[in-house]
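K.L.:
Sharing a structure, written as structure tokens. Questions coming.
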Amino acid sequence: MNVPQHVAIILDGNGRWAKSKGMPRTFGHTQGAKNVENICRIAWNKGIKYLTVYAFSTENWSRPGDEVNAIMDLLRSYLKTCKNTAEKNHMRVRIIGDKTGLAEDIQKSIRELEEFSRDFDGLNFQIALNYGSRDEIVRAVNLILKEKEKGILPGDGIVTEEMISSHLDTAGIPDPDLLIRTSGEMRLSNYLLWQCAYTEFYFTDVHWPAFTEEELVKALEHYSSRQRRFGKTGEQVE
Ligand code: FPP
């Protein structure tokens with residue numbers, strides 16, 4: 001099987017899954033967070049090297065205050081336990097998104113976790129937090145403008161694709177080969193718009209907390225059956 005190097009996932013359906021069980025939405029988020037840990041382990045065992053999950057978007061702030069607080073508390077405790085998981089599995093963890101919009105204690109946990117795991121050579125695990133792709137691109141363009149102003153922009157002052165890529169939060173991380181979205185919606189919802197230019201998409205009706213190893217294998221089989229085409233040359237990659 002042709003295994004994708006980088007899999008990106010839009011974790012959707014925590015709320016609907018909980019409702020279907022007669023439970024509150026926050027229970028869905030708790031189970032969703034547990035499933036993230038399972039899928040990290042399974043993905044690495046399948047040969048996936050990079051996994052990027054959409055945990056909280058710039059738009060998610062508009063959810064009811066109680067739900068936002070519950071998700072933030074869940075992320076707080078996840079970022080703490082993640083240190084142990086990272087150490088055990090040699091997982092490198094990075095956060096993408098506008099970290100400055102997160103609570104100070106969460107930013108501190110992120111700094112510690114990123115620093116602690118930076119030399120680990122297992123799964124490269126990216127968590128998108130307060131992430132929106134358009135916001136990421138705007139921040140990258142502003143960084144480039146600032147460098148130009150300071151006269152430290154490399155090259156001849158012309159902005160290139162490589163320059164934009166290297167100023168995104170995902171700088172140095174290869175583009176996703178496969179994007180999975182759970183729970184039935186078929187849209188990108190402002191996720192990795194630049195990075196997904198040539199990515200294969202896989203949509204499933206299964207809600208995120210119920211997305212098991214078997215479901216991941218289905219997505220990987222779908223990917224493996226595709227012939228990928230890249231850009232202008234139409235070059236096929238096996
Ligand atoms: C998706 O379901 C839920 C979210 C995008 C918010 C919270 C995500 C988690 C708690 C996963 C945790 C991730 C980590 C890294 C710990 P939804 O609420 O949009 O479900 P619905 O569409 O059924 O309402």
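Chains: A, B, ... in order of the structure tokens. Residues: from 1 per chain. Ligands: from 1, in order shown.
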Tell me which protein, DNA and RNA residues are within 12 Å of A:Glu136, counting only C-alpha atoms, leaving out same-chain ones fewer than 5 positions away, and put them as a PyMOL selection string.

P.N.:
chain A and resi 57-58+96-99+128-131+141-143+164-171+190-195

K.L.:
Would you mind exporting the chosen residues as a PDB file, in the first residue's frame, restricted to N, CA and C atoms?

P.N.:
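again28.pdb was written with the following content:
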```pdb
ATOM      1  N   SER A  57     -10.791  26.278  15.538  1.00  0.00           N
ATOM      2  CA  SER A  57     -10.616  27.257  14.456  1.00  0.00           C
ATOM      3  C   SER A  57     -10.846  28.676  14.963  1.00  0.00           C
ATOM      4  N   THR A  58     -10.414  29.648  14.153  1.00  0.00           N
ATOM      5  CA  THR A  58     -10.632  31.057  14.521  1.00  0.00           C
ATOM      6  C   THR A  58     -12.148  31.333  14.615  1.00  0.00           C
ATOM      7  N   ILE A  96      -0.050  24.964  15.258  1.00  0.00           N
ATOM      8  CA  ILE A  96      -0.190  25.962  14.198  1.00  0.00           C
ATOM      9  C   ILE A  96      -1.426  26.806  14.504  1.00  0.00           C
ATOM     10  N   GLY A  97      -1.408  28.054  14.057  1.00  0.00           N
ATOM     11  CA  GLY A  97      -2.504  28.963  14.373  1.00  0.00           C
ATOM     12  C   GLY A  97      -1.944  30.179  15.086  1.00  0.00           C
ATOM     13  N   ASP A  98      -2.828  31.128  15.384  1.00  0.00           N
ATOM     14  CA  ASP A  98      -2.386  32.363  16.044  1.00  0.00           C
ATOM     15  C   ASP A  98      -2.355  32.139  17.558  1.00  0.00           C
ATOM     16  N   LYS A  99      -1.176  31.786  18.046  1.00  0.00           N
ATOM     17  CA  LYS A  99      -1.048  31.459  19.476  1.00  0.00           C
ATOM     18  C   LYS A  99      -1.310  32.679  20.352  1.00  0.00           C
ATOM     19  N   ALA A 128      -3.807  22.267  15.152  1.00  0.00           N
ATOM     20  CA  ALA A 128      -4.237  23.611  14.732  1.00  0.00           C
ATOM     21  C   ALA A 128      -5.145  24.188  15.814  1.00  0.00           C
ATOM     22  N   LEU A 129      -4.684  25.273  16.422  1.00  0.00           N
ATOM     23  CA  LEU A 129      -5.399  25.911  17.547  1.00  0.00           C
ATOM     24  C   LEU A 129      -5.546  27.393  17.258  1.00  0.00           C
ATOM     25  N   ASN A 130      -6.738  27.906  17.387  1.00  0.00           N
ATOM     26  CA  ASN A 130      -7.015  29.280  16.965  1.00  0.00           C
ATOM     27  C   ASN A 130      -6.453  29.461  15.547  1.00  0.00           C
ATOM     28  N   TYR A 131      -6.778  28.468  14.719  1.00  0.00           N
ATOM     29  CA  TYR A 131      -6.235  28.421  13.361  1.00  0.00           C
ATOM     30  C   TYR A 131      -7.306  28.777  12.320  1.00  0.00           C
ATOM     31  N   VAL A 141       2.079  37.053   4.955  1.00  0.00           N
ATOM     32  CA  VAL A 141       2.328  38.191   4.055  1.00  0.00           C
ATOM     33  C   VAL A 141       2.840  39.384   4.862  1.00  0.00           C
ATOM     34  N   ASN A 142       2.248  39.606   6.033  1.00  0.00           N
ATOM     35  CA  ASN A 142       2.700  40.721   6.881  1.00  0.00           C
ATOM     36  C   ASN A 142       4.132  40.518   7.377  1.00  0.00           C
ATOM     37  N   LEU A 143       4.498  39.261   7.679  1.00  0.00           N
ATOM     38  CA  LEU A 143       5.882  38.968   8.075  1.00  0.00           C
ATOM     39  C   LEU A 143       6.846  39.306   6.938  1.00  0.00           C
ATOM     40  N   ILE A 164       6.284  32.416   0.542  1.00  0.00           N
ATOM     41  CA  ILE A 164       5.023  32.359   1.297  1.00  0.00           C
ATOM     42  C   ILE A 164       4.999  31.079   2.141  1.00  0.00           C
ATOM     43  N   SER A 165       5.334  29.941   1.509  1.00  0.00           N
ATOM     44  CA  SER A 165       5.328  28.661   2.250  1.00  0.00           C
ATOM     45  C   SER A 165       6.207  28.733   3.488  1.00  0.00           C
ATOM     46  N   SER A 166       7.366  29.370   3.325  1.00  0.00           N
ATOM     47  CA  SER A 166       8.317  29.362   4.445  1.00  0.00           C
ATOM     48  C   SER A 166       7.970  30.375   5.530  1.00  0.00           C
ATOM     49  N   HIS A 167       6.918  31.188   5.310  1.00  0.00           N
ATOM     50  CA  HIS A 167       6.468  32.104   6.358  1.00  0.00           C
ATOM     51  C   HIS A 167       5.137  31.662   6.973  1.00  0.00           C
ATOM     52  N   LEU A 168       4.616  30.532   6.504  1.00  0.00           N
ATOM     53  CA  LEU A 168       3.375  30.005   7.098  1.00  0.00           C
ATOM     54  C   LEU A 168       3.717  29.295   8.403  1.00  0.00           C
ATOM     55  N   ASP A 169       2.692  29.013   9.208  1.00  0.00           N
ATOM     56  CA  ASP A 169       2.921  28.288  10.468  1.00  0.00           C
ATOM     57  C   ASP A 169       3.477  26.889  10.189  1.00  0.00           C
ATOM     58  N   THR A 170       3.212  26.368   8.993  1.00  0.00           N
ATOM     59  CA  THR A 170       3.621  25.008   8.637  1.00  0.00           C
ATOM     60  C   THR A 170       4.996  24.979   7.964  1.00  0.00           C
ATOM     61  N   ALA A 171       5.761  26.074   8.059  1.00  0.00           N
ATOM     62  CA  ALA A 171       7.082  26.138   7.412  1.00  0.00           C
ATOM     63  C   ALA A 171       7.901  24.905   7.782  1.00  0.00           C
ATOM     64  N   ASN A 190     -11.762  26.621   5.886  1.00  0.00           N
ATOM     65  CA  ASN A 190     -10.607  27.501   6.167  1.00  0.00           C
ATOM     66  C   ASN A 190      -9.419  26.730   6.775  1.00  0.00           C
ATOM     67  N   TYR A 191      -9.245  25.488   6.337  1.00  0.00           N
ATOM     68  CA  TYR A 191      -8.151  24.643   6.855  1.00  0.00           C
ATOM     69  C   TYR A 191      -7.100  24.427   5.773  1.00  0.00           C
ATOM     70  N   LEU A 192      -5.878  24.798   6.014  1.00  0.00           N
ATOM     71  CA  LEU A 192      -4.725  24.493   5.166  1.00  0.00           C
ATOM     72  C   LEU A 192      -4.990  24.736   3.684  1.00  0.00           C
ATOM     73  N   LEU A 193      -5.607  25.876   3.371  1.00  0.00           N
ATOM     74  CA  LEU A 193      -6.001  26.161   1.979  1.00  0.00           C
ATOM     75  C   LEU A 193      -4.799  26.171   1.042  1.00  0.00           C
ATOM     76  N   TRP A 194      -3.726  26.804   1.460  1.00  0.00           N
ATOM     77  CA  TRP A 194      -2.513  26.899   0.632  1.00  0.00           C
ATOM     78  C   TRP A 194      -1.865  25.517   0.509  1.00  0.00           C
ATOM     79  N   GLN A 195      -1.777  24.834   1.647  1.00  0.00           N
ATOM     80  CA  GLN A 195      -1.036  23.567   1.711  1.00  0.00           C
ATOM     81  C   GLN A 195      -1.764  22.430   0.993  1.00  0.00           C
TER      82      GLN A 195
END
```

K.L.:
So that I can see what lies close to stretch 80-82 of chain A, please list as a CSV table (one decimal) with all heavy atoms, in the first residue's frame the residues with an atom at most 9 Å from it, counting only C-alpha atoms and leaving out residues fewer than 4 positions away in the same chain.

P.N.:
```csv
chain,number,residue,atom,x,y,z
A,37,GLU,N,-5.5,10.9,20.6
A,37,GLU,CA,-4.3,10.1,21.1
A,37,GLU,C,-4.2,8.7,20.4
A,37,GLU,O,-3.1,8.3,20.0
A,37,GLU,CB,-4.4,9.9,22.6
A,37,GLU,CG,-4.3,11.2,23.3
A,37,GLU,CD,-3.6,11.0,24.7
A,37,GLU,OE1,-2.7,10.1,24.8
A,37,GLU,OE2,-3.9,11.7,25.6
A,75,LEU,N,-8.1,21.2,26.3
A,75,LEU,CA,-6.9,21.4,25.6
A,75,LEU,C,-5.7,21.7,26.7
A,75,LEU,O,-4.6,21.2,26.5
A,75,LEU,CB,-6.9,22.6,24.7
A,75,LEU,CG,-7.8,22.3,23.4
A,75,LEU,CD1,-8.1,23.6,22.6
A,75,LEU,CD2,-7.1,21.3,22.5
A,76,ARG,N,-6.1,22.4,27.7
A,76,ARG,CA,-5.1,22.6,28.8
A,76,ARG,C,-4.6,21.3,29.3
A,76,ARG,O,-3.4,21.1,29.4
A,76,ARG,CB,-5.8,23.3,30.0
A,76,ARG,CG,-5.7,24.8,29.9
A,76,ARG,CD,-6.3,25.5,31.2
A,76,ARG,NE,-6.2,26.9,30.9
A,76,ARG,CZ,-7.2,27.6,30.4
A,76,ARG,NH1,-8.4,27.0,30.1
A,76,ARG,NH2,-7.1,28.9,30.2
A,86,ALA,N,4.4,12.4,24.3
A,86,ALA,CA,5.5,12.7,23.4
A,86,ALA,C,6.8,12.0,23.8
A,86,ALA,O,7.5,11.5,22.9
A,86,ALA,CB,5.7,14.3,23.4
A,87,GLU,N,7.1,12.0,25.1
A,87,GLU,CA,8.3,11.4,25.5
A,87,GLU,C,8.3,9.9,25.2
A,87,GLU,O,9.3,9.3,24.7
A,87,GLU,CB,8.5,11.7,27.0
A,87,GLU,CG,9.8,11.2,27.5
A,87,GLU,CD,10.1,11.7,28.9
A,87,GLU,OE1,9.2,11.9,29.7
A,87,GLU,OE2,11.3,12.0,29.2
A,93,VAL,N,5.8,17.7,18.8
A,93,VAL,CA,4.5,18.3,18.7
A,93,VAL,C,4.7,19.8,18.4
A,93,VAL,O,5.5,20.5,18.9
A,93,VAL,CB,3.7,18.2,20.1
A,93,VAL,CG1,2.3,18.8,19.9
A,93,VAL,CG2,3.7,16.8,20.6
A,109,SER,N,2.2,26.5,28.1
A,109,SER,CA,2.2,25.1,27.9
A,109,SER,C,2.7,24.7,26.5
A,109,SER,O,3.4,23.7,26.3
A,109,SER,CB,0.8,24.4,28.1
A,109,SER,OG,0.4,24.6,29.4
A,113,LEU,N,5.9,22.5,25.6
A,113,LEU,CA,5.8,21.2,24.8
A,113,LEU,C,6.6,21.2,23.5
A,113,LEU,O,7.2,20.2,23.2
A,113,LEU,CB,4.3,21.0,24.6
A,113,LEU,CG,3.8,19.8,23.8
A,113,LEU,CD1,4.3,18.5,24.6
A,113,LEU,CD2,2.3,19.7,23.7
```

K.L.:
Would you work out the distance separating atom CA of A:Asp177 from atom CA of A:Ile127, expressed in Å to one decimal?

P.N.:
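It comes out at 16.8 Å.
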
K.L.:
Please tabulate, as a tab-separated table, the residues of chain A that come within 10 Å of ligand 1, each with its closest pair of atoms and the distance in Å to one decimal, counting only C-alpha atoms and all ligand atoms and ordering rows by chain, then residue number upward.

P.N.:
```
residue	atom	partner	partner_atom_place_in_ligand_line	distance
A:Ile10	CA	ligand 1	5 (C)	7.5
A:Leu11	CA	ligand 1	1 (C)	5.2
A:Asp12	CA	ligand 1	1 (C)	3.9
A:Gly13	CA	ligand 1	23 (O)	3.3
A:Asn14	CA	ligand 1	2 (O)	3.8
A:Gly15	CA	ligand 1	23 (O)	3.7
A:Arg16	CA	ligand 1	23 (O)	3.6
A:Trp17	CA	ligand 1	23 (O)	6.3
A:Ala18	CA	ligand 1	23 (O)	7.9
A:Lys19	CA	ligand 1	23 (O)	8.1
A:Ser20	CA	ligand 1	23 (O)	9.7
A:Arg25	CA	ligand 1	18 (O)	6.9
A:Thr26	CA	ligand 1	10 (C)	8.0
A:Phe27	CA	ligand 1	10 (C)	9.2
A:Gly28	CA	ligand 1	18 (O)	7.5
A:His29	CA	ligand 1	10 (C)	3.9
A:Thr30	CA	ligand 1	10 (C)	6.0
A:Gln31	CA	ligand 1	10 (C)	7.7
A:Gly32	CA	ligand 1	11 (C)	4.9
A:Ala33	CA	ligand 1	12 (C)	3.8
A:Lys34	CA	ligand 1	16 (C)	7.2
A:Asn35	CA	ligand 1	11 (C)	8.1
A:Val36	CA	ligand 1	14 (C)	6.0
A:Glu37	CA	ligand 1	16 (C)	7.8
A:Thr52	CA	ligand 1	15 (C)	9.2
A:Val53	CA	ligand 1	15 (C)	6.7
A:Tyr54	CA	ligand 1	5 (C)	6.5
A:Ala55	CA	ligand 1	8 (C)	4.4
A:Phe56	CA	ligand 1	5 (C)	5.2
A:Ser57	CA	ligand 1	5 (C)	7.0
A:Glu59	CA	ligand 1	5 (C)	9.8
A:Asn60	CA	ligand 1	5 (C)	7.3
A:Arg63	CA	ligand 1	18 (O)	9.1
A:Glu67	CA	ligand 1	18 (O)	8.9
A:Val68	CA	ligand 1	6 (C)	8.4
A:Ala70	CA	ligand 1	10 (C)	8.7
A:Ile71	CA	ligand 1	10 (C)	5.6
A:Met72	CA	ligand 1	10 (C)	8.4
A:Asp73	CA	ligand 1	10 (C)	9.5
A:Leu74	CA	ligand 1	10 (C)	6.6
A:Leu75	CA	ligand 1	16 (C)	5.4
A:Arg76	CA	ligand 1	16 (C)	8.7
A:Ser77	CA	ligand 1	16 (C)	8.6
A:Tyr78	CA	ligand 1	16 (C)	5.5
A:Leu79	CA	ligand 1	16 (C)	7.6
A:Cys82	CA	ligand 1	16 (C)	8.9
A:Ile95	CA	ligand 1	15 (C)	9.5
A:Phe125	CA	ligand 1	15 (C)	9.4
A:Gln126	CA	ligand 1	15 (C)	8.6
A:Ile127	CA	ligand 1	15 (C)	5.7
A:Ala128	CA	ligand 1	15 (C)	7.9
A:Leu129	CA	ligand 1	15 (C)	8.4
A:Thr182	CA	ligand 1	1 (C)	9.1
A:Ser183	CA	ligand 1	22 (O)	7.3
A:Gly184	CA	ligand 1	22 (O)	9.2
A:Glu185	CA	ligand 1	22 (O)	8.8
A:His207	CA	ligand 1	23 (O)	7.4
A:Trp208	CA	ligand 1	2 (O)	7.2
A:Pro209	CA	ligand 1	11 (C)	8.9
```

K.L.:
Using only C-alpha atoms, which residue out of A:Val206, A:Met23, A:Ala8, A:Met1 lies closest to A:Gly47?

P.N.:
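With only C-alpha atoms as the atom set, the closest residue is A:Met1.
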
K.L.:
Smallest atom-to-atom distance to A:Arg139: which of A:Asp66, A:Ile110, A:Thr100, A:Pro154, using only C-alpha atoms?

P.N.:
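Of all the options, A:Thr100 lies closest to A:Arg139.
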
K.L.:
May I ask which of the residues A:Tyr202, A:Cys196, A:Lys83, A:Thr160 is the closest one to A:Ile180, counting only C-alpha atoms?

P.N.:
A:Tyr202

K.L.:
Would you please work out which residue, of A:Ile48, A:Cys40, A:Leu188, A:Ile106, is nearest to A:Met91 when using only C-alpha atoms?

P.N.:
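With only C-alpha atoms as the atom set, the closest residue is A:Cys40.
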
K.L.:
Per DSSP on the backbone, what are the strand (DSSP E or B) residues of stretch 36-182 of chain A, as a ChimeraX atom specification?

P.N.:
/A:50-57,92-96,124-131,178-181

K.L.:
Using only C-alpha atoms, please write the residues we just selected to a file, as an mmCIF file, in the first residue's frame.

P.N.:
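Final file, selection-v6.cif:
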```cif
data_model
loop_
_atom_site.group_PDB
_atom_site.id
_atom_site.type_symbol
_atom_site.label_atom_id
_atom_site.label_comp_id
_atom_site.auth_asym_id
_atom_site.auth_seq_id
_atom_site.Cartn_x
_atom_site.Cartn_y
_atom_site.Cartn_z
ATOM 1 C CA TYR A 50 3.131 13.784 9.816
ATOM 2 C CA LEU A 51 -0.357 14.179 11.258
ATOM 3 C CA THR A 52 -2.118 17.554 11.507
ATOM 4 C CA VAL A 53 -5.462 17.918 13.286
ATOM 5 C CA TYR A 54 -7.898 20.836 13.306
ATOM 6 C CA ALA A 55 -8.740 21.180 16.997
ATOM 7 C CA PHE A 56 -9.982 24.786 17.250
ATOM 8 C CA SER A 57 -10.616 27.257 14.456
ATOM 9 C CA ARG A 92 7.384 16.005 18.019
ATOM 10 C CA VAL A 93 4.464 18.340 18.704
ATOM 11 C CA ARG A 94 3.902 21.698 17.058
ATOM 12 C CA ILE A 95 0.959 24.079 17.276
ATOM 13 C CA ILE A 96 -0.190 25.962 14.198
ATOM 14 C CA ASN A 124 5.398 14.899 13.703
ATOM 15 C CA PHE A 125 2.110 15.922 15.262
ATOM 16 C CA GLN A 126 0.637 19.346 14.469
ATOM 17 C CA ILE A 127 -2.378 20.700 16.334
ATOM 18 C CA ALA A 128 -4.237 23.611 14.732
ATOM 19 C CA LEU A 129 -5.399 25.911 17.547
ATOM 20 C CA ASN A 130 -7.015 29.280 16.965
ATOM 21 C CA TYR A 131 -6.235 28.421 13.361
ATOM 22 C CA LEU A 178 -4.320 13.123 2.281
ATOM 23 C CA LEU A 179 -7.004 15.195 4.009
ATOM 24 C CA ILE A 180 -9.724 13.388 5.967
ATOM 25 C CA ARG A 181 -12.924 15.075 7.123
#
```

K.L.:
What is the atom CA of A:Asp175 to atom CA of A:Lys49 distance in Å?

P.N.:
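Going from atom CA of A:Asp175 over to atom CA of A:Lys49, I get 11.9 Å.
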
K.L.:
Just to confirm, what's the straight-line distance from atom CA of A:Ile39 to atom CA of A:Glu213 in Å (one decimal)?

P.N.:
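So the answer is 7.2 Å.
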
K.L.:
Using only C-alpha atoms for the distances, tell me which of A:Ile42, A:Asn84, A:Phe116, A:Glu161 is nearest to A:Phe211.

P.N.:
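Selected residue with least distance to A:Phe211: A:Ile42.
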
K.L.:
Return as a PyMOL selection string the full set of residues in stretch 37-196 of chain A whose backbone-based DSSP assignment is helix (DSSP H, G or I).

P.N.:
chain A and resi 37-45+58-62+65-89+99-101+104-117+133-150+161-165

K.L.:
So that I can see what lies close to A:Val159, please list as a PDB file with N, CA and C atoms, in the first residue's frame the residues with an atom at most 10 Å from it, counting only C-alpha atoms and leaving out residues fewer than 6 positions away in the same chain.

P.N.:
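Generated file (selection_6.pdb):
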```pdb
ATOM      1  N   VAL A 141       2.079  37.053   4.955  1.00  0.00           N
ATOM      2  CA  VAL A 141       2.328  38.191   4.055  1.00  0.00           C
ATOM      3  C   VAL A 141       2.840  39.384   4.862  1.00  0.00           C
ATOM      4  N   ILE A 144       6.437  38.934   5.719  1.00  0.00           N
ATOM      5  CA  ILE A 144       7.276  39.205   4.547  1.00  0.00           C
ATOM      6  C   ILE A 144       7.443  40.725   4.364  1.00  0.00           C
ATOM      7  N   LEU A 145       6.321  41.449   4.512  1.00  0.00           N
ATOM      8  CA  LEU A 145       6.376  42.918   4.371  1.00  0.00           C
ATOM      9  C   LEU A 145       7.337  43.535   5.391  1.00  0.00           C
ATOM     10  N   LYS A 148      10.836  42.938   4.402  1.00  0.00           N
ATOM     11  CA  LYS A 148      11.190  43.818   3.272  1.00  0.00           C
ATOM     12  C   LYS A 148      11.533  45.222   3.804  1.00  0.00           C
ATOM     13  N   LEU A 153      14.793  40.821   3.561  1.00  0.00           N
ATOM     14  CA  LEU A 153      14.093  39.828   2.745  1.00  0.00           C
ATOM     15  C   LEU A 153      15.083  39.235   1.746  1.00  0.00           C
TER      16      LEU A 153
END
```
